[in-house]
Every structure is written in C-alpha cells, then in structure tokens.
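Here is structure10.cif, consisting of mmCIF, C-alpha atoms and all ligand atoms:
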data_target
loop_
_atom_site.label_atom_id
_atom_site.label_comp_id
_atom_site.auth_asym_id
_atom_site.auth_seq_id
_atom_site.Cartn_x
_atom_site.Cartn_y
_atom_site.Cartn_z
CA MET M 1 -16.23 84.57 -202.79
CA THR M 2 -16.16 82.43 -205.86
CA ALA M 3 -14.90 83.48 -209.26
CA ALA M 4 -18.13 82.50 -210.96
CA PRO M 5 -19.94 85.86 -210.97
CA LEU M 6 -16.89 87.56 -212.44
CA VAL M 7 -16.78 85.10 -215.28
CA GLU M 8 -20.45 85.66 -215.98
CA ILE M 9 -20.05 89.43 -216.06
CA ASP M 10 -17.05 89.17 -218.36
CA ALA M 11 -19.03 86.98 -220.69
CA GLN M 12 -21.59 89.75 -221.16
CA ILE M 13 -19.08 92.34 -222.27
CA PRO M 14 -18.41 92.14 -226.00
CA ALA M 15 -14.72 91.97 -226.87
CA GLU M 16 -15.16 95.00 -229.16
CA PRO M 17 -17.99 97.41 -228.34
CA ALA M 18 -20.29 97.72 -231.36
CA ALA M 19 -19.50 100.90 -233.31
CA GLU M 20 -22.22 103.49 -232.71
CA LYS M 21 -24.44 104.10 -235.70
CA ARG M 22 -24.02 107.57 -237.15
CA SER M 23 -26.97 109.73 -238.04
CA LEU M 24 -27.56 111.06 -241.55
CA ALA M 25 -29.87 113.84 -240.28
CA GLY M 26 -28.23 117.24 -240.47
CA LEU M 27 -25.51 116.30 -242.95
CA THR M 28 -24.54 118.51 -245.88
CA ARG M 29 -25.05 117.17 -249.39
CA ALA M 30 -21.35 116.35 -249.69
CA ARG M 31 -21.31 114.44 -246.39
CA LEU M 32 -24.53 112.63 -247.22
CA LYS M 33 -23.02 111.54 -250.52
CA GLU M 34 -19.90 110.23 -248.76
CA ALA M 35 -22.05 108.36 -246.26
CA LEU M 36 -24.17 106.75 -248.98
CA ALA M 37 -21.05 105.72 -250.89
CA ALA M 38 -19.63 104.19 -247.71
CA GLY M 39 -22.98 102.46 -247.22
CA GLY M 40 -22.62 100.65 -250.55
CA VAL M 41 -24.68 102.84 -252.91
CA PRO M 42 -23.16 102.43 -256.41
CA GLU M 43 -21.40 105.49 -257.82
CA LYS M 44 -23.87 105.78 -260.72
CA GLN M 45 -26.84 106.06 -258.36
CA LEU M 46 -25.26 108.39 -255.82
CA ASN M 47 -26.64 111.76 -256.95
CA MET M 48 -30.12 110.36 -257.42
CA ARG M 49 -30.08 108.73 -253.97
CA VAL M 50 -28.74 111.90 -252.35
CA ASN M 51 -31.66 113.84 -253.84
CA GLN M 52 -34.17 111.24 -252.66
CA LEU M 53 -32.83 111.14 -249.12
CA TRP M 54 -32.42 114.90 -249.01
CA SER M 55 -36.09 115.34 -249.62
CA TRP M 56 -37.15 112.70 -247.09
CA ILE M 57 -34.85 114.07 -244.43
CA TYR M 58 -35.27 117.81 -244.91
CA VAL M 59 -38.67 118.29 -246.57
CA ARG M 60 -40.56 115.56 -244.72
CA GLY M 61 -38.45 115.30 -241.60
CA ILE M 62 -38.87 111.53 -241.41
CA THR M 63 -36.98 109.65 -238.74
CA ARG M 64 -37.12 106.07 -240.09
CA PHE M 65 -35.56 104.68 -243.25
CA GLU M 66 -38.56 102.37 -243.68
CA ASP M 67 -40.72 105.41 -244.50
CA MET M 68 -38.65 106.25 -247.59
CA THR M 69 -41.16 104.62 -249.89
CA ASP M 70 -39.46 105.41 -253.18
CA VAL M 71 -36.17 103.86 -252.03
CA SER M 72 -35.78 100.11 -252.59
CA LYS M 73 -36.42 97.90 -249.59
CA ASP M 74 -32.92 96.46 -249.83
CA LEU M 75 -31.28 99.86 -249.68
CA ARG M 76 -33.51 100.95 -246.81
CA ARG M 77 -32.45 97.86 -244.85
CA GLN M 78 -28.81 98.41 -245.80
CA LEU M 79 -28.88 102.01 -244.58
CA ASP M 80 -30.79 101.11 -241.43
CA ALA M 81 -28.09 98.61 -240.52
CA ILE M 82 -25.36 101.25 -240.35
CA TYR M 83 -27.04 104.65 -240.00
CA THR M 84 -29.80 106.37 -238.07
CA LEU M 85 -31.81 109.55 -238.63
CA ASP M 86 -31.43 110.63 -235.01
CA ARG M 87 -31.35 114.23 -233.84
CA PRO M 88 -29.23 115.48 -230.93
CA GLU M 89 -30.53 113.94 -227.70
CA ILE M 90 -32.94 116.06 -225.65
CA ILE M 91 -32.13 116.07 -221.93
CA SER M 92 -34.87 118.44 -220.95
CA GLU M 93 -37.61 120.51 -222.50
CA GLN M 94 -39.01 123.49 -220.65
CA ILE M 95 -42.06 125.44 -221.74
CA SER M 96 -42.57 128.99 -220.53
CA VAL M 97 -45.93 130.50 -219.64
CA ASP M 98 -45.48 132.65 -222.78
CA GLY M 99 -45.02 129.61 -225.04
CA THR M 100 -41.26 129.93 -225.36
CA ARG M 101 -39.57 126.54 -225.29
CA LYS M 102 -36.06 125.69 -224.30
CA TRP M 103 -34.30 122.42 -224.95
CA LEU M 104 -31.14 121.27 -223.26
CA LEU M 105 -29.35 118.95 -225.67
CA ARG M 106 -26.67 116.37 -225.18
CA LEU M 107 -24.21 116.03 -228.03
CA ALA M 108 -22.03 113.05 -228.85
CA LYS M 109 -18.85 112.84 -226.80
CA ARG M 110 -15.61 113.24 -228.67
CA GLY M 111 -12.49 111.23 -227.81
CA HIS M 112 -10.91 113.75 -225.44
CA GLU M 113 -14.08 114.91 -223.73
CA ALA M 114 -14.71 113.75 -220.17
CA ARG M 115 -18.49 113.83 -220.65
CA PRO M 116 -20.92 114.62 -223.44
CA PRO M 117 -21.18 118.37 -224.05
CA GLU M 118 -24.50 120.14 -223.71
CA VAL M 119 -26.05 123.10 -225.51
CA GLU M 120 -29.36 124.91 -225.55
CA THR M 121 -31.86 125.82 -228.25
CA VAL M 122 -34.80 128.18 -227.74
CA TYR M 123 -38.03 128.55 -229.73
CA ILE M 124 -39.91 131.84 -229.45
CA PRO M 125 -43.41 131.91 -230.97
CA GLU M 126 -44.86 135.32 -231.86
CA SER M 127 -48.07 136.27 -233.63
CA ASP M 128 -46.41 136.86 -237.01
CA ARG M 129 -43.38 134.56 -236.80
CA GLY M 130 -41.63 131.77 -234.94
CA THR M 131 -37.98 132.30 -234.18
CA LEU M 132 -35.53 129.57 -233.35
CA CYS M 133 -32.44 130.67 -231.46
CA ILE M 134 -29.64 128.18 -232.03
CA SER M 135 -26.20 127.64 -230.52
CA SER M 136 -22.95 127.46 -232.46
CA GLN M 137 -20.48 126.54 -229.71
CA VAL M 138 -20.56 124.78 -226.35
CA GLY M 139 -19.67 127.74 -224.12
CA CYS M 140 -17.75 130.69 -225.57
CA THR M 141 -14.12 131.79 -225.66
CA LEU M 142 -15.18 135.40 -225.23
CA THR M 143 -15.97 136.82 -221.83
CA CYS M 144 -18.56 139.57 -222.24
CA SER M 145 -19.07 140.68 -218.65
CA PHE M 146 -22.90 140.72 -218.74
CA CYS M 147 -23.35 137.34 -220.48
CA HIS M 148 -23.91 134.09 -218.67
CA THR M 149 -22.49 131.99 -221.51
CA GLY M 150 -19.32 134.05 -221.19
CA THR M 151 -18.73 132.60 -217.72
CA GLN M 152 -18.60 129.10 -219.17
CA ARG M 153 -15.35 128.03 -220.77
CA LEU M 154 -15.40 126.90 -224.39
CA VAL M 155 -15.82 123.16 -224.61
CA ARG M 156 -15.92 122.87 -228.36
CA ASN M 157 -17.31 124.05 -231.67
CA LEU M 158 -20.51 122.45 -232.85
CA GLU M 159 -20.34 120.43 -236.04
CA ALA M 160 -22.54 121.52 -238.94
CA GLN M 161 -24.69 118.44 -238.34
CA GLU M 162 -25.26 119.44 -234.72
CA ILE M 163 -26.27 122.96 -235.75
CA VAL M 164 -28.76 121.71 -238.35
CA GLY M 165 -29.90 119.06 -235.85
CA GLN M 166 -31.18 121.83 -233.56
CA ILE M 167 -33.55 123.03 -236.30
CA MET M 168 -34.71 119.49 -236.99
CA LEU M 169 -35.43 118.55 -233.40
CA ALA M 170 -37.26 121.81 -232.78
CA ARG M 171 -39.45 121.06 -235.80
CA ASP M 172 -40.03 117.55 -234.41
CA ARG M 173 -41.05 118.86 -231.00
CA ILE M 174 -43.42 121.57 -232.18
CA GLY M 175 -44.95 119.50 -234.99
CA ASP M 176 -43.52 121.60 -237.78
CA TRP M 177 -43.11 118.96 -240.51
CA PRO M 178 -45.70 118.20 -243.16
CA GLY M 179 -47.97 115.46 -241.85
CA ALA M 180 -47.57 113.19 -244.86
CA LYS M 181 -45.83 109.84 -244.49
CA GLY M 182 -45.17 109.19 -248.18
CA PRO M 183 -44.86 111.11 -251.42
CA ASP M 184 -48.49 110.62 -252.47
CA ASP M 185 -50.52 110.58 -249.32
CA GLY M 186 -50.48 114.13 -248.14
CA ARG M 187 -49.76 117.73 -248.90
CA LEU M 188 -46.58 119.62 -248.23
CA LEU M 189 -46.93 122.27 -245.58
CA PRO M 190 -46.82 125.59 -247.45
CA ALA M 191 -44.05 127.93 -246.30
CA SER M 192 -46.68 130.35 -244.99
CA GLU M 193 -47.89 127.78 -242.47
CA ARG M 194 -44.52 126.88 -241.06
CA LYS M 195 -44.03 127.54 -237.38
CA ILE M 196 -40.30 128.15 -237.47
CA THR M 197 -40.00 131.02 -239.93
CA ASN M 198 -36.78 132.59 -238.67
CA VAL M 199 -33.47 131.33 -237.33
CA VAL M 200 -31.12 133.45 -235.25
CA LEU M 201 -27.58 132.46 -234.30
CA MET M 202 -27.97 134.05 -230.90
CA GLY M 203 -27.69 131.03 -228.62
CA MET M 204 -24.48 129.90 -227.04
CA GLY M 205 -21.17 130.79 -228.64
CA GLU M 206 -19.62 133.22 -231.10
CA PRO M 207 -20.70 131.92 -234.51
CA LEU M 208 -17.91 133.64 -236.45
CA TYR M 209 -15.38 131.63 -234.41
CA ASN M 210 -16.95 128.49 -235.85
CA PHE M 211 -17.20 129.93 -239.34
CA ASP M 212 -16.99 126.84 -241.56
CA ASN M 213 -19.42 124.70 -239.61
CA VAL M 214 -21.94 127.51 -239.18
CA LYS M 215 -21.69 128.34 -242.88
CA ALA M 216 -22.18 124.71 -243.94
CA ALA M 217 -25.15 124.43 -241.58
CA MET M 218 -26.78 127.58 -242.96
CA GLU M 219 -26.33 126.22 -246.47
CA VAL M 220 -28.32 123.15 -245.46
CA ALA M 221 -30.92 125.30 -243.68
CA SER M 222 -31.42 127.54 -246.70
CA ASP M 223 -31.38 124.83 -249.37
CA GLY M 224 -34.48 125.43 -251.48
CA ASP M 225 -35.09 121.69 -251.97
CA GLY M 226 -34.86 120.99 -248.25
CA LEU M 227 -35.42 123.00 -245.09
CA ALA M 228 -35.80 126.04 -247.35
CA LEU M 229 -35.35 128.85 -244.84
CA SER M 230 -34.73 132.08 -246.70
CA LYS M 231 -31.36 133.68 -245.95
CA ARG M 232 -33.31 136.87 -245.29
CA ARG M 233 -34.78 135.05 -242.32
CA ILE M 234 -31.48 133.81 -240.94
CA THR M 235 -29.56 136.24 -238.72
CA LEU M 236 -26.04 135.75 -237.46
CA SER M 237 -25.22 137.71 -234.34
CA THR M 238 -21.59 138.54 -233.64
CA SER M 239 -19.79 140.28 -230.82
CA GLY M 240 -17.65 141.87 -233.53
CA VAL M 241 -15.12 139.48 -235.06
CA VAL M 242 -14.28 142.15 -237.63
CA PRO M 243 -12.09 140.20 -240.10
CA GLU M 244 -14.77 137.52 -240.53
CA ILE M 245 -17.65 139.93 -241.16
CA PRO M 246 -16.95 140.67 -244.86
CA ARG M 247 -16.17 137.00 -245.45
CA TRP M 248 -19.45 135.97 -243.89
CA GLY M 249 -21.31 138.48 -246.03
CA GLU M 250 -19.66 137.26 -249.22
CA GLU M 251 -19.79 133.55 -248.55
CA ALA M 252 -22.92 133.04 -246.46
CA ASP M 253 -24.95 136.17 -247.15
CA THR M 254 -27.39 136.03 -244.23
CA MET M 255 -28.69 138.94 -242.22
CA LEU M 256 -26.29 140.33 -239.65
CA ALA M 257 -26.67 141.51 -236.06
CA ILE M 258 -23.93 143.24 -234.09
CA SER M 259 -23.72 143.11 -230.30
CA LEU M 260 -22.74 146.73 -229.84
CA HIS M 261 -23.80 147.55 -226.25
CA ALA M 262 -21.59 150.64 -225.90
CA THR M 263 -20.82 153.73 -227.95
CA ASN M 264 -17.24 154.36 -226.78
CA ASP M 265 -14.22 152.09 -226.71
CA ALA M 266 -13.46 152.46 -222.99
CA LEU M 267 -16.86 151.03 -222.02
CA ARG M 268 -17.06 148.50 -224.84
CA ASP M 269 -13.60 147.18 -223.89
CA GLU M 270 -15.11 146.33 -220.53
CA LEU M 271 -18.47 144.94 -221.67
CA VAL M 272 -17.40 143.17 -224.87
CA PRO M 273 -13.66 142.52 -224.45
CA ILE M 274 -13.13 141.56 -228.11
CA ASN M 275 -13.39 145.34 -228.62
CA ARG M 276 -9.78 145.64 -227.43
CA LYS M 277 -8.78 143.72 -230.53
CA TYR M 278 -11.32 145.21 -232.94
CA PRO M 279 -12.42 148.65 -231.72
CA ILE M 280 -15.68 150.39 -232.59
CA ALA M 281 -14.37 152.37 -235.59
CA GLU M 282 -13.17 149.17 -237.31
CA LEU M 283 -16.43 147.42 -236.49
CA MET M 284 -18.49 150.26 -237.94
CA GLN M 285 -16.41 150.24 -241.12
CA ALA M 286 -17.00 146.50 -241.54
CA CYS M 287 -20.73 147.19 -241.15
CA ARG M 288 -20.71 149.97 -243.73
CA ASP M 289 -18.96 147.58 -246.14
CA TYR M 290 -21.23 144.59 -245.45
CA PRO M 291 -22.21 143.16 -248.83
CA GLY M 292 -25.78 143.68 -249.97
CA LEU M 293 -26.59 146.30 -247.36
CA SER M 294 -29.63 148.42 -248.22
CA ASN M 295 -32.69 149.90 -246.57
CA ALA M 296 -34.46 146.63 -247.27
CA ARG M 297 -31.54 144.70 -245.76
CA ARG M 298 -30.41 146.41 -242.61
CA ILE M 299 -27.96 145.42 -239.94
CA THR M 300 -29.46 144.95 -236.48
CA PHE M 301 -27.53 146.58 -233.64
CA GLU M 302 -28.14 144.97 -230.28
CA TYR M 303 -27.82 147.14 -227.21
CA VAL M 304 -28.30 145.59 -223.77
CA MET M 305 -29.73 148.03 -221.23
CA LEU M 306 -27.53 148.02 -218.12
CA LYS M 307 -28.56 150.25 -215.25
CA GLY M 308 -26.19 153.15 -214.74
CA VAL M 309 -23.66 151.64 -217.14
CA ASN M 310 -24.70 152.44 -220.72
CA ASP M 311 -28.25 153.78 -220.43
CA SER M 312 -27.90 157.61 -220.30
CA LEU M 313 -29.60 159.90 -222.79
CA ALA M 314 -26.17 161.11 -223.92
CA GLU M 315 -25.40 157.50 -224.86
CA ALA M 316 -28.70 157.21 -226.74
CA ARG M 317 -27.71 160.26 -228.78
CA ALA M 318 -24.20 158.87 -229.28
CA LEU M 319 -25.71 155.61 -230.52
CA VAL M 320 -27.82 157.38 -233.11
CA LYS M 321 -24.81 159.38 -234.24
CA LEU M 322 -22.60 156.31 -234.48
CA LEU M 323 -25.06 154.54 -236.76
CA ALA M 324 -25.69 157.51 -239.05
CA GLY M 325 -25.41 156.44 -242.67
CA ILE M 326 -25.67 152.70 -241.96
CA PRO M 327 -28.98 151.04 -242.92
CA ALA M 328 -29.69 149.86 -239.38
CA LYS M 329 -32.25 148.52 -236.95
CA ILE M 330 -31.72 148.97 -233.24
CA ASN M 331 -32.71 146.35 -230.72
CA LEU M 332 -32.69 147.51 -227.12
CA ILE M 333 -32.48 144.38 -224.99
CA PRO M 334 -33.50 144.66 -221.34
CA PHE M 335 -30.66 143.01 -219.42
CA ASN M 336 -31.61 139.50 -218.36
CA PRO M 337 -30.10 138.85 -214.96
CA TRP M 338 -28.47 135.58 -213.95
CA PRO M 339 -27.15 134.35 -210.59
CA ASN M 340 -24.30 136.46 -209.15
CA THR M 341 -24.15 138.97 -211.99
CA ARG M 342 -22.92 142.41 -211.04
CA TYR M 343 -25.33 144.16 -213.44
CA GLU M 344 -28.94 145.23 -213.16
CA CYS M 345 -31.46 145.95 -215.87
CA SER M 346 -32.18 149.63 -216.48
CA ASP M 347 -35.48 150.98 -215.11
CA TRP M 348 -38.40 150.92 -217.52
CA GLU M 349 -38.64 154.73 -217.57
CA THR M 350 -34.96 154.91 -218.49
CA ILE M 351 -35.41 152.35 -221.25
CA GLU M 352 -38.45 154.26 -222.52
CA ARG M 353 -36.60 157.56 -222.56
CA PHE M 354 -33.61 155.96 -224.28
CA ALA M 355 -35.98 154.37 -226.82
CA GLU M 356 -37.63 157.73 -227.47
CA VAL M 357 -34.33 159.27 -228.59
CA VAL M 358 -33.75 156.29 -230.83
CA ASN M 359 -37.33 156.44 -232.14
CA ARG M 360 -37.08 160.12 -232.92
CA ALA M 361 -34.03 159.35 -235.05
CA GLY M 362 -36.25 157.10 -237.18
CA TYR M 363 -35.76 153.65 -235.66
CA ALA M 364 -39.12 151.95 -235.00
CA SER M 365 -40.15 150.12 -231.79
CA PRO M 366 -36.70 149.03 -230.77
CA VAL M 367 -37.24 147.39 -227.36
CA ARG M 368 -37.09 143.62 -227.47
CA THR M 369 -39.59 142.06 -225.08
CA PRO M 370 -37.83 139.48 -222.96
CA ARG M 371 -39.28 136.02 -223.60
CA GLY M 372 -39.13 132.85 -221.59
CA ARG M 373 -37.78 134.60 -218.49
CA ASP M 374 -39.36 132.02 -216.19
CA ILE M 375 -37.30 129.27 -217.81
CA LEU M 376 -34.10 131.33 -218.13
CA ALA M 377 -34.38 131.19 -221.90
CA ALA M 378 -33.82 134.86 -222.66
CA CYS M 379 -30.77 136.27 -224.42
CA GLY M 380 -27.55 135.68 -222.57
CA GLN M 381 -29.00 133.33 -220.00
CA LEU M 382 -27.93 130.14 -221.66
CA ARG M 383 -25.29 128.34 -219.70
CA SER M 384 -25.88 124.63 -219.90
CA GLU M 385 -23.87 123.33 -216.95
CA SER M 386 -25.40 125.61 -214.36
CA LEU M 387 -28.93 125.22 -215.59
CA ARG M 388 -29.34 121.54 -215.02
CA LEU M 389 -32.62 121.21 -213.17
CA SER M 390 -33.88 118.41 -211.01
CA ALA M 391 -36.49 116.08 -212.45
CA SER M 392 -39.19 117.64 -210.27
CA GLU M 393 -38.29 121.15 -211.37
CA ARG M 394 -38.43 120.01 -214.98
CA ARG M 395 -41.87 118.51 -214.45
CA SER M 396 -43.24 121.70 -212.96
CA GLY M 397 -41.89 123.59 -216.01
CA ALA M 398 -43.65 121.20 -218.37
CA GLU M 399 -46.94 121.52 -216.47
CA LYS M 400 -47.08 125.18 -217.38
CA ALA M 401 -47.58 124.28 -221.03
N1 LIG M 501 -22.01 135.51 -229.35
C1 LIG M 501 -22.90 136.20 -230.19
C2 LIG M 501 -24.30 135.61 -230.22
C3 LIG M 501 -24.89 135.11 -228.91
S1 LIG M 501 -25.45 136.27 -227.74
C4 LIG M 501 -22.96 137.65 -229.80
O1 LIG M 501 -22.41 138.01 -228.77
O2 LIG M 501 -23.52 138.42 -230.55
C5 LIG M 501 -26.95 136.99 -228.39
C6 LIG M 501 -27.22 138.39 -227.85
O3 LIG M 501 -27.58 138.39 -226.45
C7 LIG M 501 -25.99 139.28 -227.94
O4 LIG M 501 -26.34 140.56 -228.38
C8 LIG M 501 -25.54 139.32 -226.50
O5 LIG M 501 -24.70 140.40 -226.27
C9 LIG M 501 -26.84 139.39 -225.77
N2 LIG M 501 -26.75 139.08 -224.34
C10 LIG M 501 -25.82 138.34 -223.72
N3 LIG M 501 -26.08 138.26 -222.40
C11 LIG M 501 -27.22 138.96 -222.17
C12 LIG M 501 -28.01 139.22 -221.01
N4 LIG M 501 -27.68 138.71 -219.84
N5 LIG M 501 -29.10 139.99 -221.16
C13 LIG M 501 -29.46 140.46 -222.38
N6 LIG M 501 -28.77 140.24 -223.50
C14 LIG M 501 -27.64 139.49 -223.41
FE1 LIG M 502 -19.86 134.91 -226.13
FE2 LIG M 502 -21.80 136.41 -227.25
FE3 LIG M 502 -21.86 135.85 -224.62
FE4 LIG M 502 -20.04 137.53 -225.59
S1 LIG M 502 -22.29 137.84 -225.59
S2 LIG M 502 -19.65 135.87 -224.12
S3 LIG M 502 -19.59 136.60 -227.56
S4 LIG M 502 -22.02 134.37 -226.29
#
Could you spell out this file's structure in structure tokens?
Amino acid sequence: MTAAPLVEIDAQIPAEPAAEKRSLAGLTRARLKEALAAGGVPEKQLNMRVNQLWSWIYVRGITRFEDMTDVSKDLRRQLDAIYTLDRPEIISEQISVDGTRKWLLRLAKRGHEARPPEVETVYIPESDRGTLCISSQVGCTLTCSFCHTGTQRLVRNLEAQEIVGQIMLARDRIGDWPGAKGPDDGRLLPASERKITNVVLMGMGEPLYNFDNVKAAMEVASDGDGLALSKRRITLSTSGVVPEIPRWGEEADTMLAISLHATNDALRDELVPINRKYPIAELMQACRDYPGLSNARRITFEYVMLKGVNDSLAEARALVKLLAGIPAKINLIPFNPWPNTRYECSDWETIERFAEVVNRAGYASPVRTPRGRDILAACGQLRSESLRLSASERRSGAEKA
C-alpha cells in the first residue's frame, strides 16, 4: 500500500467544515430582526426589512431570496450567502386513501444528539376545513398507557422555528400558498380558499411542557400580516398540566382541548399518569377558570374509547355530570391500536350507546372519525422511530394518492 490515496483523501477534507446556513423560515419577528442585523442590514432599515421579509416568507411562502423583488439585489445576494429559507427536511410523505397525509420530518441535530431527531405532522382534509396536526416535542416525557408516543422517550423540545416550519412545509406540499411570484403579478389567496384552516397541537409531545416555544410559534402562526391563522382555529391539546393552563389562556389565548379519558382518579391515574400530580378536580377547576370561556368558545374534552376500560354507560353519565357548567364539546375518539398495545377499541354499538347519553345531554355528534388509519396517522399513533418504512412501502403508500 502506498500513502498516496490517503493524502488525496485528506486533501479533500476542508480544515474547517463550512458552517451550515441557517434558515430564516419559521423565525419570530424578534429572531428575524436579529438575523438580519447579523447579516449586515443597517439598524435604520431593520424594521422595514423585517416587514418586507415577513410578508415574502409568511404571506407568499417563497423559498428563494431571489424572488423578493422589492428587496435590493445586493441584499438578496448578501442574505443568500449566509441564510436559506428551508423548511424541516421531509424523510417520507404518505398519503392515505382518505386524503390524509403524514410527513416524517428530520430536524437539525443538536450538539449532544447521536442522530437527527424525527417528528411527524399530519394533514386531514375535510369538506368544510383542513386541519393540520403538529408536533411540539420529539417523543413525550409522559407515559399515557394507550398512546404510542408515550412509549418513546423524550428526545427534545421543538424550537419555535421547527413548529412553524411544520405549517410551512405542509402548505408547500399541498399547494396552499398564493400562486403569485411577485407583489404585482398575482392575487393573494383569500382566507376562505385556504386549505389549512385549522391547526391542532395534537401530534407528538405535551405542548404545555414546551410552553415558550409553542407560544412563540403560535404567535407567528396567528400574525395577521403573515400566516394569519385565527387563534379561534388553533387548538392546544393537553394531558392536563394544570399550572400551565391559566397561563396559556392568558398569554396565548388559543382554543383548548383536554385529554380527559376517565371520569375518576383511580382510572385516570392509570391511563394518564400526570393525573397523580394534578387530579381531576384540579383539572376541572382550571377549565372552569380558563380565560375567555363562553358558549361560543368551548373547551373540547377528548375521551378515547377503550373496550371494557372506560366505555360503560355509567361512565358516560359520569362524564356528563363532570362537565356540567363548563362550556364544553366532547370528542369521543375510537382507540387507534398500535403494535403490542394492551388495549382494544370499544365496539361500535358501545360507542354509539355512549354517544347517545352524551348527545342527550346536549353535546352534538361527538364521535371523531378516525382518519388516515392505513398510514398510522390517527391520534396517538405517531411514534417516529418505529414507523420508519422501507422505500418500497413508502412508494406503495404514495401510489394510493
Ligand atoms: N400530549 C397532548 C397532545 C397529543 S395527543 C395530549 O395528550 O393531549 C392528542 C390526543 O390523542 C390526546 O387526546 C391523546 O390522549 C389521544 N390519543 C393518544 N393515543 C391515542 C390512541 N392510540 N388512540 C386514540 N387517541 C389517542
Ligand atoms: Fe404524551 Fe399526549 Fe401521548 Fe400522553 S397522550 S403520552 S401526553 S403525547
């Protein structure tokens, strides 16, 4: 063996790997301003430039600096040299027979992480709305016994940029940006024509355990000069992190959903173990006190139907009683099974009888139809590591489109 090949290989490795370009897509106004300042934009121009870029990024959804036609060519080149407008990387896209789409995303690796973390985002089209279900954490620290995400350890919180990035890439993939390339050559898509009309924080993770990042992300999502999603159409779902509920209401003011699933503490302790820390009575009080609660702004109570566990008629009556006096909606979720779970979904007749009790108490059509079951995209089935599919399996999923 000679030393020559080694020398050649060494010569190809730069002494210092080039720093990776950071993306500006998904940043808050404050972060965007910092980034522009660091990119050489003079102090006097900063606010004006932030507003220009904000509109290009969040109203138009553009992905190239060169398309920012009202920004000087020099500045566009300058920004392009150090930044990108990239979204989180898509590893796979699966499309269900019912139109539901699920994306597995790869996030940037942090210093201590062995490999890049992965999360999932799901888009659910319905006749009158399009709902995007986004993740707030990689995995979850909580261990709800019926939830697949709960079997995956917490890897990390998502940054605000990564949370907003999920909305942006979903809009890219389903063609949900206005078609125009520049300020004068096309119309803006009216809000009524938008495909993603609602966002639910019901993907992976407990959003109230990543409070600051989720809040910052929802501020970007609801900014009227940008993505412009109404806070009435954003719903945060929590397993019941009681101390954070009033704070969320005061500071972020979105709609709220509570993963209730049981009407007594003994059973809820088992199903949703955070109940041992914050029992049902405390949770209900936090709901009664939720700011802005009214008949027009109700809390959604989620109740997963588990065969022989929480699905008796006595429990249906107990549920109605528990919610008395709280402006509430009830969502009965058929349990979505996952490999090796010890639970089964209640029979349809049982669900119907349970729903009837709830209906009679004045709660309309409460059963949530499972969507995207064929691609394991339904509630509680998201668990990135175990869902990695082979290339051929992914292809067959895409063919169903
Ligand atoms: N961590 C938050 C939000 C994510 S879970 C929370 O727990 O609320 C979104 C909803 O799906 C919750 O109501 C959750 O309890 C429910 N869920 C979890 N696993 C499920 C499963 N296998 N079948 C049906 N619903 C499930
Ligand atoms: Fe975490 Fe929610 Fe799953 Fe419970 S139901 S383990 S809180 S993601």
Please extract the residues at most 8 Å from ligand LIG 501 (chain M), counting all atoms listed in the file, and provide them as a PyMOL selection string, using the chain letters and residue numbers of this document. chain M and resi 135+140+142+144+146-149+201-207+236-240+257-261+272+302-305+333-338+378-381
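Remark: for ligand LIG 502 (chain M), the closest of the candidate residues M:Pro273, M:Gly292, M:Pro42, M:Pro125 is M:Pro273 (distances computed over only C-alpha atoms and all ligand atoms).
CA of Cys287 (chain M) sits 8.4 Å away from CA of Pro246 (chain M).
Between ligand LIG 502 (chain M) and the candidates M:Ala314, M:Leu322, M:Ile134, M:Leu283, the tightest atom-to-atom separation, counting all atoms listed in the file, involves M:Ile134.
Atom pair CA of Leu36 (chain M) / CA of Ala108 (chain M): separated by 21.2 Å.
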When you look at Ala286 (chain M) with a cut-off of 9 Å (counting all atoms listed in the file), what residues show up, excluding the ones that are within fewer than 6 positions of it in the same chain? I need them as a list in words. Val242, Pro243, Ile245 and Pro246 of chain M
Would you place a box with edges along x, y and z of the file around all atoms of ligand LIG 502 (chain M) listed there, add 6 Å to each of its six sides, and report the centre and edge lengths in Å to one decimal, as lines of an AutoDock Vina configuration file?
center_x = -20.9
center_y = 136.1
center_z = -225.8
size_x = 14.7
size_y = 15.5
size_z = 15.4
Which is closer to ligand LIG 502 (chain M) than all the others in M:Asp176, M:Glu34, M:Glu93, M:Glu270, using all atoms listed in the file? M:Glu270
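Distance check against Asp98 (chain M) using all atoms listed in the file: of M:Leu267, M:Ile124, M:Val50, M:Ala216, the minimum falls on M:Ile124.
Nearest-residue note for Arg373 (chain M): choosing from M:Arg31, M:Ala281, M:Leu229, M:Gln94, the minimum distance belongs to M:Gln94, counting only C-alpha atoms.
Excluding region 352-369 of chain M itself and same-chain residues fewer than 6 positions from it, the residues having an atom within 9 Å of it are Asp311, Ser312, Leu313, Glu315, Ala316, Arg317, Leu319, Val320, Ala328, Lys329, Ile330, Asn331, Leu332, Ile333 and Pro334 of chain M, counting all atoms listed in the file.
Between CA of Pro88 (chain M) and atom FE2 of ligand LIG 502 (chain M) the separation is 22.5 Å.
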